[in-house]
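First the structure, in the form of structure tokens, and then the observations on it.
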Amino acid sequence: MSSSIPLPAEEQPWEAGDGPEPAVTTWPPGHRPAMRVWDGARWQYSPVESRHDYRDGHTVYRLLVPAGEDGRSVRSYRWPQEGLRPAHGPTRAPETAARINSANA
């Protein structure tokens, strides 16, 4: 079963030439939703750093994915795809819902 799950494909972060900026939603630390990311062997718990909603209707989640023994790496993934699963929703309303310049975030 687990070997049939594809690794999730990463999405490139938004850049100025990519069209209109996405609407970005964030949550305060400790209240963020989380996803589980398939790493090829197991599901990794990954807090959501931000949700990016694009005008064409697609959504990208920036996740704090485990990297190495004690580290985390920020990765962007388009939602939905098989290698991602919701772990839980936020425990508090979003802190921000606005258009931001991703280059300065």
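Residue numbering restarts at 1 in every chain; chains get A, B, ... in the order shown in the structure tokens, and ligands count up from 1 in that same order.
All residues of chain A that DSSP, run on the backbone, classes as helix (DSSP H, G or I) are Ser2, Ser3, Ser4, Ala16, Gly17, Asp18, Ser102, Ala103 and Asn104 of chain A.
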Residues near segment 48-54 of chain A, anyone? I mean within 7 Å using only C-alpha atoms, not counting same-chain ones fewer than 3 positions away, as a PDB file with all heavy atoms, in the first residue's frame.
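Saved the output as selection.pdb:
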```
ATOM      1  N   PRO A  22      -0.784  35.876  -4.940  1.00  0.00           N
ATOM      2  CA  PRO A  22      -1.840  35.123  -4.268  1.00  0.00           C
ATOM      3  C   PRO A  22      -2.262  35.817  -2.973  1.00  0.00           C
ATOM      4  O   PRO A  22      -1.514  36.600  -2.398  1.00  0.00           O
ATOM      5  CB  PRO A  22      -1.169  33.783  -3.959  1.00  0.00           C
ATOM      6  CG  PRO A  22       0.283  34.122  -3.838  1.00  0.00           C
ATOM      7  CD  PRO A  22       0.525  35.234  -4.823  1.00  0.00           C
ATOM      8  N   ALA A  23      -3.475  35.506  -2.522  1.00  0.00           N
ATOM      9  CA  ALA A  23      -3.901  35.919  -1.181  1.00  0.00           C
ATOM     10  C   ALA A  23      -3.249  34.946  -0.216  1.00  0.00           C
ATOM     11  O   ALA A  23      -3.293  33.726  -0.407  1.00  0.00           O
ATOM     12  CB  ALA A  23      -5.419  35.862  -1.068  1.00  0.00           C
ATOM     13  N   VAL A  24      -2.617  35.479   0.824  1.00  0.00           N
ATOM     14  CA  VAL A  24      -1.857  34.648   1.763  1.00  0.00           C
ATOM     15  C   VAL A  24      -2.532  34.662   3.122  1.00  0.00           C
ATOM     16  O   VAL A  24      -2.869  35.719   3.637  1.00  0.00           O
ATOM     17  CB  VAL A  24      -0.403  35.148   1.878  1.00  0.00           C
ATOM     18  CG1 VAL A  24       0.376  34.329   2.905  1.00  0.00           C
ATOM     19  CG2 VAL A  24       0.288  35.094   0.523  1.00  0.00           C
ATOM     20  N   THR A  25      -2.712  33.482   3.689  1.00  0.00           N
ATOM     21  CA  THR A  25      -3.299  33.339   5.017  1.00  0.00           C
ATOM     22  C   THR A  25      -2.282  32.685   5.932  1.00  0.00           C
ATOM     23  O   THR A  25      -1.649  31.699   5.555  1.00  0.00           O
ATOM     24  CB  THR A  25      -4.576  32.474   4.960  1.00  0.00           C
ATOM     25  OG1 THR A  25      -5.490  33.069   4.049  1.00  0.00           O
ATOM     26  CG2 THR A  25      -5.229  32.364   6.324  1.00  0.00           C
ATOM     27  N   THR A  26      -2.121  33.242   7.140  1.00  0.00           N
ATOM     28  CA  THR A  26      -1.228  32.655   8.144  1.00  0.00           C
ATOM     29  C   THR A  26      -1.980  32.532   9.465  1.00  0.00           C
ATOM     30  O   THR A  26      -3.040  33.132   9.652  1.00  0.00           O
ATOM     31  CB  THR A  26       0.033  33.515   8.360  1.00  0.00           C
ATOM     32  OG1 THR A  26      -0.354  34.790   8.851  1.00  0.00           O
ATOM     33  CG2 THR A  26       0.836  33.676   7.075  1.00  0.00           C
ATOM     34  N   ARG A  32      -1.579  26.780  14.276  1.00  0.00           N
ATOM     35  CA  ARG A  32      -1.567  26.488  12.841  1.00  0.00           C
ATOM     36  C   ARG A  32      -2.207  25.145  12.529  1.00  0.00           C
ATOM     37  O   ARG A  32      -2.098  24.203  13.314  1.00  0.00           O
ATOM     38  CB  ARG A  32      -0.132  26.463  12.337  1.00  0.00           C
ATOM     39  CG  ARG A  32       0.568  27.775  12.448  1.00  0.00           C
ATOM     40  CD  ARG A  32       2.024  27.641  12.076  1.00  0.00           C
ATOM     41  NE  ARG A  32       2.660  28.953  12.070  1.00  0.00           N
ATOM     42  CZ  ARG A  32       3.951  29.145  12.101  1.00  0.00           C
ATOM     43  NH1 ARG A  32       4.775  28.107  12.114  1.00  0.00           N
ATOM     44  NH2 ARG A  32       4.441  30.354  12.098  1.00  0.00           N
ATOM     45  N   PRO A  33      -2.818  25.039  11.337  1.00  0.00           N
ATOM     46  CA  PRO A  33      -3.216  23.710  10.864  1.00  0.00           C
ATOM     47  C   PRO A  33      -1.949  22.926  10.511  1.00  0.00           C
ATOM     48  O   PRO A  33      -0.841  23.487  10.516  1.00  0.00           O
ATOM     49  CB  PRO A  33      -4.046  24.019   9.622  1.00  0.00           C
ATOM     50  CG  PRO A  33      -3.580  25.351   9.157  1.00  0.00           C
ATOM     51  CD  PRO A  33      -3.121  26.095  10.385  1.00  0.00           C
ATOM     52  N   ALA A  34      -2.108  21.660  10.212  1.00  0.00           N
ATOM     53  CA  ALA A  34      -0.953  20.837   9.834  1.00  0.00           C
ATOM     54  C   ALA A  34      -1.361  19.819   8.780  1.00  0.00           C
ATOM     55  O   ALA A  34      -2.531  19.463   8.657  1.00  0.00           O
ATOM     56  CB  ALA A  34      -0.373  20.134  11.052  1.00  0.00           C
ATOM     57  N   MET A  35      -0.373  19.383   8.035  1.00  0.00           N
ATOM     58  CA  MET A  35      -0.528  18.338   7.026  1.00  0.00           C
ATOM     59  C   MET A  35       0.401  17.188   7.383  1.00  0.00           C
ATOM     60  O   MET A  35       1.325  17.344   8.182  1.00  0.00           O
ATOM     61  CB  MET A  35      -0.122  18.853   5.640  1.00  0.00           C
ATOM     62  CG  MET A  35      -0.947  19.951   5.092  1.00  0.00           C
ATOM     63  SD  MET A  35      -2.388  19.256   4.286  1.00  0.00           S
ATOM     64  CE  MET A  35      -2.945  20.696   3.414  1.00  0.00           C
ATOM     65  N   GLY A  57      -7.721  29.880  -8.934  1.00  0.00           N
ATOM     66  CA  GLY A  57      -8.421  28.870  -8.142  1.00  0.00           C
ATOM     67  C   GLY A  57      -7.539  27.830  -7.480  1.00  0.00           C
ATOM     68  O   GLY A  57      -8.020  27.062  -6.654  1.00  0.00           O
ATOM     69  N   HIS A  58      -6.254  27.772  -7.808  1.00  0.00           N
ATOM     70  CA  HIS A  58      -5.434  26.744  -7.153  1.00  0.00           C
ATOM     71  C   HIS A  58      -4.874  27.267  -5.827  1.00  0.00           C
ATOM     72  O   HIS A  58      -4.788  28.464  -5.593  1.00  0.00           O
ATOM     73  CB  HIS A  58      -4.350  26.194  -8.088  1.00  0.00           C
ATOM     74  CG  HIS A  58      -3.109  27.008  -8.220  1.00  0.00           C
ATOM     75  ND1 HIS A  58      -2.965  28.051  -9.117  1.00  0.00           N
ATOM     76  CD2 HIS A  58      -1.918  26.922  -7.572  1.00  0.00           C
ATOM     77  CE1 HIS A  58      -1.755  28.560  -9.016  1.00  0.00           C
ATOM     78  NE2 HIS A  58      -1.094  27.895  -8.079  1.00  0.00           N
ATOM     79  N   THR A  59      -4.541  26.308  -4.963  1.00  0.00           N
ATOM     80  CA  THR A  59      -4.046  26.609  -3.619  1.00  0.00           C
ATOM     81  C   THR A  59      -2.695  25.943  -3.421  1.00  0.00           C
ATOM     82  O   THR A  59      -2.486  24.800  -3.837  1.00  0.00           O
ATOM     83  CB  THR A  59      -5.035  26.077  -2.556  1.00  0.00           C
ATOM     84  OG1 THR A  59      -6.288  26.736  -2.739  1.00  0.00           O
ATOM     85  CG2 THR A  59      -4.534  26.324  -1.146  1.00  0.00           C
ATOM     86  N   VAL A  60      -1.789  26.674  -2.764  1.00  0.00           N
ATOM     87  CA  VAL A  60      -0.470  26.147  -2.418  1.00  0.00           C
ATOM     88  C   VAL A  60      -0.282  26.316  -0.915  1.00  0.00           C
ATOM     89  O   VAL A  60      -0.561  27.382  -0.364  1.00  0.00           O
ATOM     90  CB  VAL A  60       0.661  26.885  -3.187  1.00  0.00           C
ATOM     91  CG1 VAL A  60       2.032  26.455  -2.680  1.00  0.00           C
ATOM     92  CG2 VAL A  60       0.531  26.636  -4.683  1.00  0.00           C
ATOM     93  N   TYR A  61       0.170  25.249  -0.253  1.00  0.00           N
ATOM     94  CA  TYR A  61       0.500  25.312   1.169  1.00  0.00           C
ATOM     95  C   TYR A  61       2.012  25.325   1.323  1.00  0.00           C
ATOM     96  O   TYR A  61       2.712  24.525   0.710  1.00  0.00           O
ATOM     97  CB  TYR A  61      -0.059  24.107   1.914  1.00  0.00           C
ATOM     98  CG  TYR A  61      -1.536  24.200   2.169  1.00  0.00           C
ATOM     99  CD1 TYR A  61      -2.449  23.618   1.306  1.00  0.00           C
ATOM    100  CD2 TYR A  61      -2.021  24.889   3.279  1.00  0.00           C
ATOM    101  CE1 TYR A  61      -3.809  23.708   1.543  1.00  0.00           C
ATOM    102  CE2 TYR A  61      -3.382  24.986   3.518  1.00  0.00           C
ATOM    103  CZ  TYR A  61      -4.266  24.394   2.650  1.00  0.00           C
ATOM    104  OH  TYR A  61      -5.606  24.493   2.883  1.00  0.00           O
ATOM    105  N   ARG A  62       2.506  26.250   2.146  1.00  0.00           N
ATOM    106  CA  ARG A  62       3.922  26.267   2.535  1.00  0.00           C
ATOM    107  C   ARG A  62       3.997  25.557   3.877  1.00  0.00           C
ATOM    108  O   ARG A  62       3.365  25.981   4.844  1.00  0.00           O
ATOM    109  CB  ARG A  62       4.464  27.685   2.599  1.00  0.00           C
ATOM    110  CG  ARG A  62       4.564  28.287   1.190  1.00  0.00           C
ATOM    111  CD  ARG A  62       5.120  29.679   1.139  1.00  0.00           C
ATOM    112  NE  ARG A  62       6.360  29.874   1.860  1.00  0.00           N
ATOM    113  CZ  ARG A  62       7.587  29.693   1.358  1.00  0.00           C
ATOM    114  NH1 ARG A  62       7.729  29.285   0.117  1.00  0.00           N
ATOM    115  NH2 ARG A  62       8.654  29.924   2.087  1.00  0.00           N
ATOM    116  N   LEU A  63       4.751  24.461   3.906  1.00  0.00           N
ATOM    117  CA  LEU A  63       4.801  23.591   5.078  1.00  0.00           C
ATOM    118  C   LEU A  63       6.197  23.552   5.673  1.00  0.00           C
ATOM    119  O   LEU A  63       7.196  23.664   4.963  1.00  0.00           O
ATOM    120  CB  LEU A  63       4.398  22.165   4.682  1.00  0.00           C
ATOM    121  CG  LEU A  63       3.060  22.007   3.977  1.00  0.00           C
ATOM    122  CD1 LEU A  63       2.876  20.553   3.560  1.00  0.00           C
ATOM    123  CD2 LEU A  63       1.923  22.455   4.871  1.00  0.00           C
ATOM    124  N   LEU A  64       6.257  23.366   6.991  1.00  0.00           N
ATOM    125  CA  LEU A  64       7.524  23.153   7.695  1.00  0.00           C
ATOM    126  C   LEU A  64       7.729  21.638   7.779  1.00  0.00           C
ATOM    127  O   LEU A  64       7.165  20.965   8.640  1.00  0.00           O
ATOM    128  CB  LEU A  64       7.472  23.787   9.080  1.00  0.00           C
ATOM    129  CG  LEU A  64       7.280  25.294   9.089  1.00  0.00           C
ATOM    130  CD1 LEU A  64       6.994  25.798  10.507  1.00  0.00           C
ATOM    131  CD2 LEU A  64       8.501  25.983   8.525  1.00  0.00           C
TER     132      LEU A  64
END
```
Using only C-alpha atoms, the residue out of A:Tyr45, A:Trp38, A:Trp27, A:Trp79 with shortest distance to Ala93 of chain A is A:Trp27
Pull the strand (DSSP E or B) assignments for chain A out of DSSP run on the backbone, and list those residues as a PyMOL selection string.
chain A and resi 10+23-26+34-38+43-53+59-67+71-79+84-88+96-99
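Taking atom CA of Gly89 of chain A as the reference point, atom CA of Asp18 of chain A is found at 29.0 Å.
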If we count only C-alpha atoms and set the cut-off at 9 Å, which residues sit around Trp43 of chain A, ignoring sequence neighbours fewer than 3 positions away in its own chain? Please answer as number ranges by chain.
A: 36-40, 83-85
Could the residues in this selection be written to a file with all heavy atoms, as a CSV table (one decimal), in the first residue's frame?
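Wrote it out as out18.csv, contents follow:
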```
chain,number,residue,atom,x,y,z
A,36,ARG,N,0.1,16.1,6.8
A,36,ARG,CA,1.1,14.9,6.8
A,36,ARG,C,1.6,14.8,5.4
A,36,ARG,O,0.9,14.8,4.4
A,36,ARG,CB,0.4,13.7,7.3
A,36,ARG,CG,-0.1,13.8,8.7
A,36,ARG,CD,-0.2,12.5,9.4
A,36,ARG,NE,-0.7,12.7,10.7
A,36,ARG,CZ,0.1,13.0,11.8
A,36,ARG,NH1,1.4,13.1,11.7
A,36,ARG,NH2,-0.5,13.1,13.0
A,37,VAL,N,2.9,14.8,5.3
A,37,VAL,CA,3.6,14.7,4.0
A,37,VAL,C,4.3,13.3,3.8
A,37,VAL,O,5.1,12.9,4.7
A,37,VAL,CB,4.7,15.8,3.8
A,37,VAL,CG1,5.4,15.7,2.5
A,37,VAL,CG2,4.0,17.2,4.0
A,38,TRP,N,4.0,12.6,2.7
A,38,TRP,CA,4.6,11.3,2.5
A,38,TRP,C,6.0,11.5,2.0
A,38,TRP,O,6.3,12.2,1.1
A,38,TRP,CB,3.7,10.6,1.4
A,38,TRP,CG,4.2,9.2,1.1
A,38,TRP,CD1,4.8,8.8,0.0
A,38,TRP,CD2,4.2,8.1,2.0
A,38,TRP,NE1,5.1,7.5,0.1
A,38,TRP,CE2,4.8,7.0,1.3
A,38,TRP,CE3,3.8,7.9,3.3
A,38,TRP,CZ2,4.9,5.8,1.9
A,38,TRP,CZ3,3.9,6.6,3.9
A,38,TRP,CH2,4.5,5.6,3.2
A,39,ASP,N,7.0,10.8,2.7
A,39,ASP,CA,8.4,10.9,2.4
A,39,ASP,C,8.9,9.7,1.7
A,39,ASP,O,10.1,9.6,1.5
A,39,ASP,CB,9.2,11.3,3.6
A,39,ASP,CG,9.3,10.1,4.6
A,39,ASP,OD1,8.8,9.0,4.3
A,39,ASP,OD2,10.0,10.3,5.6
A,40,GLY,N,8.0,8.8,1.3
A,40,GLY,CA,8.4,7.5,0.6
A,40,GLY,C,8.4,6.4,1.6
A,40,GLY,O,8.4,5.2,1.2
A,83,GLY,N,0.2,12.7,-2.0
A,83,GLY,CA,1.3,12.6,-1.0
A,83,GLY,C,1.1,13.6,0.1
A,83,GLY,O,1.9,13.7,1.0
A,84,LEU,N,-0.1,14.2,0.2
A,84,LEU,CA,-0.4,15.1,1.3
A,84,LEU,C,-1.8,14.7,1.9
A,84,LEU,O,-2.7,14.4,1.2
A,84,LEU,CB,-0.6,16.6,0.8
A,84,LEU,CG,0.6,17.2,0.1
A,84,LEU,CD1,0.2,18.6,-0.4
A,84,LEU,CD2,1.8,17.4,1.0
A,85,ARG,N,-1.8,14.8,3.2
A,85,ARG,CA,-3.1,14.6,3.9
A,85,ARG,C,-3.2,15.6,5.1
A,85,ARG,O,-2.2,16.0,5.7
A,85,ARG,CB,-3.1,13.2,4.6
A,85,ARG,CG,-3.1,12.1,3.6
A,85,ARG,CD,-3.2,10.8,4.4
A,85,ARG,NE,-3.3,9.7,3.4
A,85,ARG,CZ,-3.1,8.4,3.7
A,85,ARG,NH1,-2.9,8.1,4.9
A,85,ARG,NH2,-3.2,7.5,2.8
```
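Proximity ranking of A:Pro6, A:Pro47, A:Gly68, A:Gly17 relative to Gln81 of chain A places A:Pro6 first, based on only C-alpha atoms.
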For Val65 of chain A, find every residue with an atom within 6 Å (counting only C-alpha atoms), except residues of its own chain fewer than 3 positions away, and show them as a compact mmCIF listing (two decimals) with C-alpha atoms, in the first residue's frame.
```txt
# COMPACT_ATOMS: atom_id res chain seq x y z
CA SER A 46 4.27 19.24 8.95
CA ARG A 72 12.80 21.65 9.32
CA SER A 73 12.67 22.92 5.78
```
